[in-house]
file run.pdb (PDB, C-alpha atoms and all ligand atoms)
ATOM      1  CA  MET A   1      69.636 113.211 133.377  1.00  0.00           C
ATOM      2  CA  ILE A   2      70.678 111.111 130.435  1.00  0.00           C
ATOM      3  CA  GLU A   3      70.412 107.431 131.134  1.00  0.00           C
ATOM      4  CA  ASN A   4      72.944 105.383 129.348  1.00  0.00           C
ATOM      5  CA  SER A   5      72.708 101.735 130.106  1.00  0.00           C
ATOM      6  CA  LYS A   6      75.182 100.965 127.317  1.00  0.00           C
ATOM      7  CA  LEU A   7      78.033 102.450 129.285  1.00  0.00           C
ATOM      8  CA  THR A   8      80.046 100.449 131.736  1.00  0.00           C
ATOM      9  CA  LYS A   9      81.167 102.260 134.850  1.00  0.00           C
ATOM     10  CA  GLU A  10      84.738 102.448 133.557  1.00  0.00           C
ATOM     11  CA  GLU A  11      83.624 104.243 130.412  1.00  0.00           C
ATOM     12  CA  VAL A  12      82.059 107.112 132.312  1.00  0.00           C
ATOM     13  CA  ILE A  13      84.771 109.380 133.557  1.00  0.00           C
ATOM     14  CA  MET A  14      83.599 111.203 136.615  1.00  0.00           C
ATOM     15  CA  THR A  15      85.901 113.628 138.251  1.00  0.00           C
ATOM     16  CA  GLU A  16      84.653 115.727 141.107  1.00  0.00           C
ATOM     17  CA  LYS A  17      82.921 118.199 138.810  1.00  0.00           C
ATOM     18  CA  ILE A  18      83.280 116.958 135.227  1.00  0.00           C
ATOM     19  CA  GLN A  19      81.144 114.256 133.704  1.00  0.00           C
ATOM     20  CA  ILE A  20      81.245 112.800 130.184  1.00  0.00           C
ATOM     21  CA  LEU A  21      78.094 111.232 128.771  1.00  0.00           C
ATOM     22  CA  GLN A  22      76.796 109.970 125.453  1.00  0.00           C
ATOM     23  CA  GLY A  23      73.310 111.082 124.459  1.00  0.00           C
ATOM     24  CA  ASP A  24      70.992 113.819 123.281  1.00  0.00           C
ATOM     25  CA  ILE A  25      71.677 117.114 125.047  1.00  0.00           C
ATOM     26  CA  THR A  26      68.057 118.238 124.587  1.00  0.00           C
ATOM     27  CA  LYS A  27      66.995 115.564 127.108  1.00  0.00           C
ATOM     28  CA  LEU A  28      69.304 116.778 129.835  1.00  0.00           C
ATOM     29  CA  GLU A  29      68.096 118.369 133.044  1.00  0.00           C
ATOM     30  CA  ALA A  30      70.641 121.023 133.879  1.00  0.00           C
ATOM     31  CA  ASP A  31      70.627 124.692 134.810  1.00  0.00           C
ATOM     32  CA  ALA A  32      71.840 125.334 131.255  1.00  0.00           C
ATOM     33  CA  ILE A  33      72.652 123.439 128.104  1.00  0.00           C
ATOM     34  CA  VAL A  34      74.976 125.076 125.607  1.00  0.00           C
ATOM     35  CA  ASN A  35      73.957 125.438 121.987  1.00  0.00           C
ATOM     36  CA  ALA A  36      76.517 125.336 119.149  1.00  0.00           C
ATOM     37  CA  ALA A  37      74.800 128.159 117.301  1.00  0.00           C
ATOM     38  CA  ASN A  38      75.591 130.375 114.301  1.00  0.00           C
ATOM     39  CA  PRO A  39      75.968 134.176 114.453  1.00  0.00           C
ATOM     40  CA  SER A  40      72.291 134.790 113.608  1.00  0.00           C
ATOM     41  CA  LEU A  41      71.140 132.808 116.687  1.00  0.00           C
ATOM     42  CA  LEU A  42      68.025 131.979 114.697  1.00  0.00           C
ATOM     43  CA  GLY A  43      68.526 128.214 114.460  1.00  0.00           C
ATOM     44  CA  GLY A  44      70.172 125.841 112.032  1.00  0.00           C
ATOM     45  CA  GLY A  45      71.069 122.168 111.703  1.00  0.00           C
ATOM     46  CA  GLY A  46      72.896 119.815 114.072  1.00  0.00           C
ATOM     47  CA  VAL A  47      72.505 120.357 117.792  1.00  0.00           C
ATOM     48  CA  ASP A  48      71.157 123.873 117.146  1.00  0.00           C
ATOM     49  CA  GLY A  49      68.230 122.462 115.144  1.00  0.00           C
ATOM     50  CA  ALA A  50      67.580 119.802 117.785  1.00  0.00           C
ATOM     51  CA  ILE A  51      67.551 122.381 120.606  1.00  0.00           C
ATOM     52  CA  HIS A  52      65.190 124.721 118.751  1.00  0.00           C
ATOM     53  CA  ARG A  53      62.849 121.865 117.831  1.00  0.00           C
ATOM     54  CA  ALA A  54      62.712 120.617 121.411  1.00  0.00           C
ATOM     55  CA  ALA A  55      62.411 124.083 122.992  1.00  0.00           C
ATOM     56  CA  GLY A  56      59.604 125.296 120.715  1.00  0.00           C
ATOM     57  CA  LYS A  57      58.927 128.644 119.116  1.00  0.00           C
ATOM     58  CA  GLY A  58      59.448 130.691 122.282  1.00  0.00           C
ATOM     59  CA  LEU A  59      63.183 130.137 121.947  1.00  0.00           C
ATOM     60  CA  VAL A  60      63.561 131.635 118.475  1.00  0.00           C
ATOM     61  CA  ASP A  61      61.310 134.529 119.509  1.00  0.00           C
ATOM     62  CA  GLU A  62      63.662 135.359 122.375  1.00  0.00           C
ATOM     63  CA  CYS A  63      66.729 134.810 120.170  1.00  0.00           C
ATOM     64  CA  ARG A  64      65.400 137.397 117.708  1.00  0.00           C
ATOM     65  CA  THR A  65      65.703 140.050 120.427  1.00  0.00           C
ATOM     66  CA  LEU A  66      69.407 139.346 121.033  1.00  0.00           C
ATOM     67  CA  GLY A  67      70.956 140.884 117.927  1.00  0.00           C
ATOM     68  CA  GLY A  68      73.041 137.840 117.019  1.00  0.00           C
ATOM     69  CA  CYS A  69      76.318 136.705 118.527  1.00  0.00           C
ATOM     70  CA  GLU A  70      79.976 137.007 117.488  1.00  0.00           C
ATOM     71  CA  THR A  71      82.173 133.944 117.104  1.00  0.00           C
ATOM     72  CA  GLY A  72      83.645 133.006 120.490  1.00  0.00           C
ATOM     73  CA  GLU A  73      80.979 134.936 122.420  1.00  0.00           C
ATOM     74  CA  ALA A  74      77.896 133.615 124.260  1.00  0.00           C
ATOM     75  CA  LYS A  75      74.343 134.751 125.035  1.00  0.00           C
ATOM     76  CA  ILE A  76      71.726 133.291 127.369  1.00  0.00           C
ATOM     77  CA  THR A  77      67.989 132.626 126.961  1.00  0.00           C
ATOM     78  CA  GLY A  78      65.295 130.646 128.726  1.00  0.00           C
ATOM     79  CA  GLY A  79      64.932 126.933 128.094  1.00  0.00           C
ATOM     80  CA  TYR A  80      61.222 127.004 127.159  1.00  0.00           C
ATOM     81  CA  ARG A  81      60.030 123.413 126.663  1.00  0.00           C
ATOM     82  CA  LEU A  82      63.444 121.895 127.339  1.00  0.00           C
ATOM     83  CA  PRO A  83      64.107 120.192 130.640  1.00  0.00           C
ATOM     84  CA  ALA A  84      67.073 122.578 130.977  1.00  0.00           C
ATOM     85  CA  ARG A  85      66.212 125.939 132.579  1.00  0.00           C
ATOM     86  CA  HIS A  86      68.384 127.979 130.216  1.00  0.00           C
ATOM     87  CA  VAL A  87      70.165 127.762 126.894  1.00  0.00           C
ATOM     88  CA  ILE A  88      73.568 129.389 126.526  1.00  0.00           C
ATOM     89  CA  HIS A  89      74.127 130.032 122.829  1.00  0.00           C
ATOM     90  CA  THR A  90      77.711 130.215 121.713  1.00  0.00           C
ATOM     91  CA  VAL A  91      79.152 130.472 118.219  1.00  0.00           C
ATOM     92  CA  GLY A  92      82.126 128.248 117.540  1.00  0.00           C
ATOM     93  CA  PRO A  93      84.691 128.961 114.831  1.00  0.00           C
ATOM     94  CA  VAL A  94      84.396 127.418 111.386  1.00  0.00           C
ATOM     95  CA  TRP A  95      87.523 125.267 110.882  1.00  0.00           C
ATOM     96  CA  ARG A  96      89.722 126.846 108.192  1.00  0.00           C
ATOM     97  CA  GLY A  97      92.888 124.787 108.623  1.00  0.00           C
ATOM     98  CA  GLY A  98      93.978 126.003 112.058  1.00  0.00           C
ATOM     99  CA  ASN A  99      95.701 129.305 111.287  1.00  0.00           C
ATOM    100  CA  TYR A 100      92.727 131.591 111.765  1.00  0.00           C
ATOM    101  CA  GLU A 101      92.589 131.694 115.569  1.00  0.00           C
ATOM    102  CA  GLU A 102      90.267 128.709 115.604  1.00  0.00           C
ATOM    103  CA  ASP A 103      91.833 127.304 118.805  1.00  0.00           C
ATOM    104  CA  GLU A 104      91.541 130.545 120.753  1.00  0.00           C
ATOM    105  CA  LEU A 105      88.013 131.208 119.496  1.00  0.00           C
ATOM    106  CA  LEU A 106      86.890 127.735 120.540  1.00  0.00           C
ATOM    107  CA  ARG A 107      88.509 128.235 123.954  1.00  0.00           C
ATOM    108  CA  SER A 108      86.553 131.507 124.261  1.00  0.00           C
ATOM    109  CA  CYS A 109      83.276 129.681 123.612  1.00  0.00           C
ATOM    110  CA  TYR A 110      83.819 127.483 126.661  1.00  0.00           C
ATOM    111  CA  ARG A 111      85.165 130.317 128.828  1.00  0.00           C
ATOM    112  CA  ASN A 112      82.429 132.813 127.931  1.00  0.00           C
ATOM    113  CA  SER A 113      79.677 130.213 128.365  1.00  0.00           C
ATOM    114  CA  LEU A 114      80.952 129.414 131.851  1.00  0.00           C
ATOM    115  CA  LYS A 115      81.274 133.107 132.711  1.00  0.00           C
ATOM    116  CA  LEU A 116      77.663 133.605 131.684  1.00  0.00           C
ATOM    117  CA  ALA A 117      76.612 130.646 133.816  1.00  0.00           C
ATOM    118  CA  ILE A 118      78.301 132.218 136.836  1.00  0.00           C
ATOM    119  CA  ALA A 119      76.782 135.640 136.117  1.00  0.00           C
ATOM    120  CA  ASN A 120      73.349 133.985 136.170  1.00  0.00           C
ATOM    121  CA  ASN A 121      74.066 131.961 139.285  1.00  0.00           C
ATOM    122  CA  LEU A 122      73.841 128.641 137.430  1.00  0.00           C
ATOM    123  CA  LYS A 123      75.502 125.579 138.925  1.00  0.00           C
ATOM    124  CA  THR A 124      75.184 122.829 136.306  1.00  0.00           C
ATOM    125  CA  ILE A 125      75.983 123.267 132.629  1.00  0.00           C
ATOM    126  CA  ALA A 126      76.185 120.815 129.720  1.00  0.00           C
ATOM    127  CA  PHE A 127      78.236 121.283 126.551  1.00  0.00           C
ATOM    128  CA  PRO A 128      78.002 119.576 123.170  1.00  0.00           C
ATOM    129  CA  ALA A 129      81.208 119.194 121.116  1.00  0.00           C
ATOM    130  CA  ILE A 130      81.129 122.763 119.781  1.00  0.00           C
ATOM    131  CA  SER A 131      82.339 123.289 116.180  1.00  0.00           C
ATOM    132  CA  THR A 132      83.064 119.590 115.568  1.00  0.00           C
ATOM    133  CA  GLY A 133      80.037 118.885 113.349  1.00  0.00           C
ATOM    134  CA  ILE A 134      79.013 121.174 110.495  1.00  0.00           C
ATOM    135  CA  TYR A 135      81.852 123.620 111.352  1.00  0.00           C
ATOM    136  CA  GLY A 136      84.450 120.874 110.798  1.00  0.00           C
ATOM    137  CA  PHE A 137      86.827 121.378 113.760  1.00  0.00           C
ATOM    138  CA  PRO A 138      88.913 118.187 114.229  1.00  0.00           C
ATOM    139  CA  ILE A 139      87.434 116.267 117.151  1.00  0.00           C
ATOM    140  CA  ASP A 140      90.707 115.408 118.948  1.00  0.00           C
ATOM    141  CA  ARG A 141      91.940 118.965 118.870  1.00  0.00           C
ATOM    142  CA  ALA A 142      88.541 120.385 119.892  1.00  0.00           C
ATOM    143  CA  THR A 143      88.176 117.918 122.755  1.00  0.00           C
ATOM    144  CA  ARG A 144      91.600 118.798 124.133  1.00  0.00           C
ATOM    145  CA  ILE A 145      90.603 122.471 124.098  1.00  0.00           C
ATOM    146  CA  ALA A 146      87.171 121.803 125.641  1.00  0.00           C
ATOM    147  CA  ILE A 147      88.432 119.706 128.543  1.00  0.00           C
ATOM    148  CA  SER A 148      91.537 121.775 129.308  1.00  0.00           C
ATOM    149  CA  GLU A 149      89.622 125.060 129.245  1.00  0.00           C
ATOM    150  CA  VAL A 150      86.850 123.752 131.497  1.00  0.00           C
ATOM    151  CA  LYS A 151      89.360 122.273 133.941  1.00  0.00           C
ATOM    152  CA  GLU A 152      91.286 125.523 134.122  1.00  0.00           C
ATOM    153  CA  PHE A 153      88.075 127.502 134.609  1.00  0.00           C
ATOM    154  CA  LEU A 154      86.865 125.207 137.397  1.00  0.00           C
ATOM    155  CA  ARG A 155      90.229 125.473 139.131  1.00  0.00           C
ATOM    156  CA  LEU A 156      89.834 129.252 139.334  1.00  0.00           C
ATOM    157  CA  ASN A 157      86.045 129.494 139.846  1.00  0.00           C
ATOM    158  CA  THR A 158      84.471 127.297 142.457  1.00  0.00           C
ATOM    159  CA  THR A 159      80.782 128.205 142.134  1.00  0.00           C
ATOM    160  CA  ILE A 160      80.023 125.872 139.214  1.00  0.00           C
ATOM    161  CA  GLU A 161      79.098 122.464 140.615  1.00  0.00           C
ATOM    162  CA  LYS A 162      78.986 120.310 137.506  1.00  0.00           C
ATOM    163  CA  VAL A 163      80.048 120.478 133.869  1.00  0.00           C
ATOM    164  CA  ILE A 164      78.722 117.721 131.633  1.00  0.00           C
ATOM    165  CA  PHE A 165      80.209 116.989 128.218  1.00  0.00           C
ATOM    166  CA  VAL A 166      77.504 115.409 126.076  1.00  0.00           C
ATOM    167  CA  CYS A 167      78.871 113.335 123.193  1.00  0.00           C
ATOM    168  CA  PHE A 168      76.439 112.467 120.441  1.00  0.00           C
ATOM    169  CA  SER A 169      78.352 109.518 118.984  1.00  0.00           C
ATOM    170  CA  SER A 170      80.148 106.640 120.643  1.00  0.00           C
ATOM    171  CA  SER A 171      83.337 107.567 118.801  1.00  0.00           C
ATOM    172  CA  ASP A 172      83.180 111.082 120.262  1.00  0.00           C
ATOM    173  CA  LEU A 173      82.636 109.533 123.687  1.00  0.00           C
ATOM    174  CA  GLN A 174      85.778 107.432 123.221  1.00  0.00           C
ATOM    175  CA  THR A 175      87.721 110.527 122.208  1.00  0.00           C
ATOM    176  CA  TYR A 176      86.520 112.499 125.236  1.00  0.00           C
ATOM    177  CA  ASN A 177      87.330 109.647 127.597  1.00  0.00           C
ATOM    178  CA  LYS A 178      90.796 109.171 126.078  1.00  0.00           C
ATOM    179  CA  ILE A 179      91.662 112.863 126.277  1.00  0.00           C
ATOM    180  CA  ALA A 180      90.187 113.274 129.758  1.00  0.00           C
ATOM    181  CA  LYS A 181      92.548 110.511 130.928  1.00  0.00           C
ATOM    182  CA  GLU A 182      95.501 112.191 129.225  1.00  0.00           C
ATOM    183  CA  LEU A 183      94.696 115.501 130.916  1.00  0.00           C
ATOM    184  CA  GLU A 184      94.085 114.041 134.376  1.00  0.00           C
TER     185      GLU A 184
HETATM  186  N1  LIG A 201      72.864 116.347 121.413  1.00  0.00           N
HETATM  187  C1  LIG A 201      74.207 116.415 121.591  1.00  0.00           C
HETATM  188  N2  LIG A 201      75.078 116.620 120.589  1.00  0.00           N
HETATM  189  C2  LIG A 201      74.565 116.739 119.343  1.00  0.00           C
HETATM  190  C3  LIG A 201      73.182 116.677 119.065  1.00  0.00           C
HETATM  191  C4  LIG A 201      72.313 116.479 120.163  1.00  0.00           C
HETATM  192  N3  LIG A 201      70.990 116.412 120.030  1.00  0.00           N
HETATM  193  N4  LIG A 201      73.010 116.836 117.717  1.00  0.00           N
HETATM  194  C5  LIG A 201      74.228 116.985 117.179  1.00  0.00           C
HETATM  195  N5  LIG A 201      75.173 116.920 118.149  1.00  0.00           N
HETATM  196  P1  LIG A 201      76.957 120.783 115.057  1.00  0.00           P
HETATM  197  P2  LIG A 201      78.891 122.996 114.848  1.00  0.00           P
HETATM  198  C6  LIG A 201      76.631 117.011 118.065  1.00  0.00           C
HETATM  199  O1  LIG A 201      77.051 120.516 113.597  1.00  0.00           O
HETATM  200  O2  LIG A 201      79.904 122.094 114.250  1.00  0.00           O
HETATM  201  C7  LIG A 201      74.270 124.536 112.923  1.00  0.00           C
HETATM  202  O3  LIG A 201      73.633 124.612 111.675  1.00  0.00           O
HETATM  203  C8  LIG A 201      77.290 116.727 116.728  1.00  0.00           C
HETATM  204  O4  LIG A 201      77.394 115.323 116.531  1.00  0.00           O
HETATM  205  O5  LIG A 201      75.625 120.770 115.693  1.00  0.00           O
HETATM  206  O6  LIG A 201      79.302 123.925 115.959  1.00  0.00           O
HETATM  207  C9  LIG A 201      74.449 125.906 113.540  1.00  0.00           C
HETATM  208  O7  LIG A 201      73.348 126.744 113.280  1.00  0.00           O
HETATM  209  C10 LIG A 201      78.653 117.359 116.960  1.00  0.00           C
HETATM  210  O8  LIG A 201      79.451 116.483 117.746  1.00  0.00           O
HETATM  211  O9  LIG A 201      77.598 122.227 115.442  1.00  0.00           O
HETATM  212  C11 LIG A 201      75.700 126.386 112.874  1.00  0.00           C
HETATM  213  O10 LIG A 201      75.429 126.899 111.587  1.00  0.00           O
HETATM  214  C12 LIG A 201      78.322 118.585 117.834  1.00  0.00           C
HETATM  215  O11 LIG A 201      76.986 118.381 118.296  1.00  0.00           O
HETATM  216  C13 LIG A 201      76.536 125.141 112.737  1.00  0.00           C
HETATM  217  O12 LIG A 201      75.587 124.061 112.713  1.00  0.00           O
HETATM  218  C14 LIG A 201      78.382 119.904 117.097  1.00  0.00           C
HETATM  219  O13 LIG A 201      77.915 119.744 115.769  1.00  0.00           O
HETATM  220  C15 LIG A 201      77.439 124.926 113.922  1.00  0.00           C
HETATM  221  O14 LIG A 201      78.285 123.851 113.653  1.00  0.00           O
END
call {"tool": "encode", "arguments": {"input": "run.pdb", "output": "structure tokens"}}
result
Amino acid sequence: MIENSKLTKEEVIMTEKIQILQGDITKLEADAIVNAANPSLLGGGGVDGAIHRAAGKGLVDECRTLGGCETGEAKITGGYRLPARHVIHTVGPVWRGGNYEEDELLRSCYRNSLKLAIANNLKTIAFPAISTGIYGFPIDRATRIAISEVKEFLRLNTTIEKVIFVCFSSSDLQTYNKIAKELE
């Protein structure tokens, strides 16, 4: 698990099944970590680059067999040298101003990743802030979608035991904590 001595107890929002942390998702022990990938699934920058670097070459070799991934969809691989057992690769939408189904596509990323976790009998899953880096999705809007979609999914599906939102920056952590409180 990510250790984060910088956080006070109040800053870590822990509901029964949802946890918000700041740190590097590649260090997380979970049944699956989610990768904010691109449609090739062959690696890139941001969290995708970090996951591929940490997992080693086995990951890209397996990804090559998958035939890519559509925006809003998700595919699963092994975790290779990561502490996580699996990687769920999902492709977030590129932000184009908000009128190109970006919200619904981002929602689908979370929903389809969780569906895949259930189909593979996984209990703990960690998400980065999909689409909010290189793909430019506004962080407040993306966070609202991420948390509301996960909450709704967990209300209807009880087999997932823990969903962890991993924020890379302290400002993202503040945003997640603020919006989690609003959506309580
Ligand atoms: N752990 C957790 N979060 C991270 C890490 C990390 N190690 N590194 C970055 N982030 P991005 P996108 C955060 O750009 O916007 C790639 O090239 C980052 O701060 O990784 O979905 C792909 O191949 C941000 O909050 O993904 C695609 O081409 C979040 O992860 C494209 O980028 C997502 O930022 C996808 O863009």
call {"tool": "resolve_selection", "arguments": {"input": "run.pdb", "expression": "the PyMOL selection byres (((not hetatm)) within 9 of (chain A and resi 201))", "output": "PyMOL selection string"}}
result
chain A and resi 22-27+35-51+90-95+127-137+139+165-169+172
call {"tool": "resolve_selection", "arguments": {"input": "run.pdb", "expression": "the PyMOL selection byres (((chain A and resi 106) around 9) and not hetatm)", "output": "MDAnalysis selection string"}}
result
chainID A and resid 71:72 91:93 101:105 107:111 130:131 142 145:146
call {"tool": "closest_residue", "arguments": {"input": "run.pdb", "among": "A:Val34, A:Ile160, A:Cys63, A:Ile147", "to": "Thr124 in chain A", "atoms": "all atoms listed in the file"}}
result
A:Ile160
call {"tool": "residues_around", "arguments": {"input": "run.pdb", "residues": "Arg85 in chain A", "least_positions_apart": "5", "cutoff": "7 Å", "atoms": "all atoms listed in the file", "output": "list in words"}}
result
Ala30, Asp31, Ala32, Gly78 and Gly79 of chain A
call {"tool": "closest_residue", "arguments": {"input": "run.pdb", "among": "A:Val150, A:Val60, A:Leu173, A:Ile76", "to": "Ala119 in chain A", "atoms": "all atoms listed in the file"}}
result
A:Ile76
call {"tool": "resolve_selection", "arguments": {"input": "run.pdb", "expression": "the PyMOL selection byres (((chain A and resi 177-180) around 8) and not hetatm)", "output": "PyMOL selection string"}}
result
chain A and resi 11-13+20+140+143-144+147+173-176+181-184
call {"tool": "closest_residue", "arguments": {"input": "run.pdb", "among": "A:Cys69, A:Ile118, A:Ala55, A:Ala126", "to": "Phe153 in chain A", "atoms": "only C-alpha atoms"}}
result
A:Ile118
call {"tool": "axis_aligned_box", "arguments": {"input": "run.pdb", "around": "range 160-166 of chain A", "padding_each_side": "3 Å", "output": "JSON"}}
result
{"center_x": 78.9, "center_y": 120.6, "center_z": 133.3, "size_x": 8.7, "size_y": 16.5, "size_z": 20.5}
call {"tool": "closest_residue", "arguments": {"input": "run.pdb", "among": "A:Leu66, A:Ile164, A:Ala74, A:Leu28", "to": "Ala117 in chain A", "atoms": "all atoms listed in the file"}}
result
A:Ala74
call {"tool": "atom_distance", "arguments": {"input": "run.pdb", "atom1": "CA of Ala84 in chain A", "atom2": "CA of Ser113 in chain A"}}
result
15.0 Å
call {"tool": "atom_distance", "arguments": {"input": "run.pdb", "atom1": "CA of Lys17 in chain A", "atom2": "CA of Pro83 in chain A"}}
result
20.6 Å
call {"tool": "closest_residue", "arguments": {"input": "run.pdb", "among": "A:Glu16, A:Arg155, A:Gly98, A:Arg81", "to": "Pro138 in chain A", "atoms": "only C-alpha atoms"}}
result
A:Gly98
call {"tool": "atom_distance", "arguments": {"input": "run.pdb", "atom1": "CA of Glu70 in chain A", "atom2": "CA of Leu116 in chain A"}}
result
14.8 Å
call {"tool": "closest_residue", "arguments": {"input": "run.pdb", "among": "A:His52, A:Lys123, A:Arg141, A:Lys115", "to": "Gly97 in chain A", "atoms": "only C-alpha atoms"}}
result
A:Arg141
call {"tool": "decode", "arguments": {"input": "run.pdb", "residues": "range 96-104 of chain A", "atoms": "all heavy atoms", "output": "CSV table (one decimal), in the first residue's frame"}}
result
chain,number,residue,atom,x,y,z
A,96,ARG,N,-12.3,17.7,-25.7
A,96,ARG,CA,-12.5,18.5,-26.9
A,96,ARG,C,-13.5,19.6,-26.7
A,96,ARG,O,-14.2,20.0,-27.6
A,96,ARG,CB,-12.9,17.6,-28.1
A,96,ARG,CG,-11.8,16.6,-28.5
A,96,ARG,CD,-12.4,15.6,-29.5
A,96,ARG,NE,-12.8,16.1,-30.7
A,96,ARG,CZ,-13.6,15.5,-31.6
A,96,ARG,NH1,-14.2,14.3,-31.2
A,96,ARG,NH2,-14.0,16.0,-32.7
A,97,GLY,N,-13.6,20.0,-25.4
A,97,GLY,CA,-14.5,21.1,-25.1
A,97,GLY,C,-15.8,20.7,-24.4
A,97,GLY,O,-16.6,21.5,-23.9
A,98,GLY,N,-16.1,19.4,-24.4
A,98,GLY,CA,-17.2,18.9,-23.6
A,98,GLY,C,-18.5,18.5,-24.4
A,98,GLY,O,-19.4,17.9,-23.9
A,99,ASN,N,-18.4,18.7,-25.7
A,99,ASN,CA,-19.6,18.4,-26.5
A,99,ASN,C,-19.4,17.2,-27.4
A,99,ASN,O,-20.2,17.0,-28.4
A,99,ASN,CB,-20.0,19.6,-27.4
A,99,ASN,CG,-20.5,20.7,-26.5
A,99,ASN,OD1,-21.3,20.5,-25.6
A,99,ASN,ND2,-20.1,21.9,-26.9
A,100,TYR,N,-18.4,16.4,-27.1
A,100,TYR,CA,-18.2,15.2,-27.9
A,100,TYR,C,-18.2,13.9,-27.1
A,100,TYR,O,-17.4,13.0,-27.2
A,100,TYR,CB,-16.8,15.3,-28.6
A,100,TYR,CG,-16.8,16.4,-29.6
A,100,TYR,CD1,-16.5,17.7,-29.2
A,100,TYR,CD2,-17.0,16.2,-30.9
A,100,TYR,CE1,-16.5,18.8,-30.2
A,100,TYR,CE2,-17.0,17.2,-31.9
A,100,TYR,CZ,-16.8,18.5,-31.5
A,100,TYR,OH,-16.8,19.5,-32.4
A,101,GLU,N,-19.3,13.9,-26.2
A,101,GLU,CA,-19.5,12.7,-25.4
A,101,GLU,C,-18.4,12.4,-24.4
A,101,GLU,O,-18.2,11.2,-24.0
A,101,GLU,CB,-19.8,11.4,-26.2
A,101,GLU,CG,-21.1,11.6,-27.1
A,101,GLU,CD,-21.5,10.4,-27.9
A,101,GLU,OE1,-20.7,9.4,-27.8
A,101,GLU,OE2,-22.5,10.5,-28.6
A,102,GLU,N,-17.6,13.4,-24.1
A,102,GLU,CA,-16.5,13.1,-23.2
A,102,GLU,C,-16.9,12.6,-21.8
A,102,GLU,O,-16.3,11.7,-21.3
A,102,GLU,CB,-15.6,14.4,-23.0
A,102,GLU,CG,-14.9,14.9,-24.2
A,102,GLU,CD,-15.6,16.0,-25.0
A,102,GLU,OE1,-16.9,15.9,-25.0
A,102,GLU,OE2,-15.0,16.9,-25.5
A,103,ASP,N,-18.0,13.2,-21.3
A,103,ASP,CA,-18.5,12.8,-20.0
A,103,ASP,C,-18.9,11.3,-20.0
A,103,ASP,O,-18.5,10.5,-19.1
A,103,ASP,CB,-19.7,13.6,-19.5
A,103,ASP,CG,-19.3,15.1,-19.2
A,103,ASP,OD1,-18.1,15.4,-19.1
A,103,ASP,OD2,-20.3,15.9,-19.0
A,104,GLU,N,-19.7,11.0,-21.0
A,104,GLU,CA,-20.2,9.6,-21.0
A,104,GLU,C,-19.1,8.6,-21.3
A,104,GLU,O,-19.0,7.5,-20.7
A,104,GLU,CB,-21.3,9.4,-22.0
A,104,GLU,CG,-22.0,8.1,-22.0
A,104,GLU,CD,-22.3,7.6,-20.6
A,104,GLU,OE1,-22.8,8.3,-19.7
A,104,GLU,OE2,-22.1,6.4,-20.4
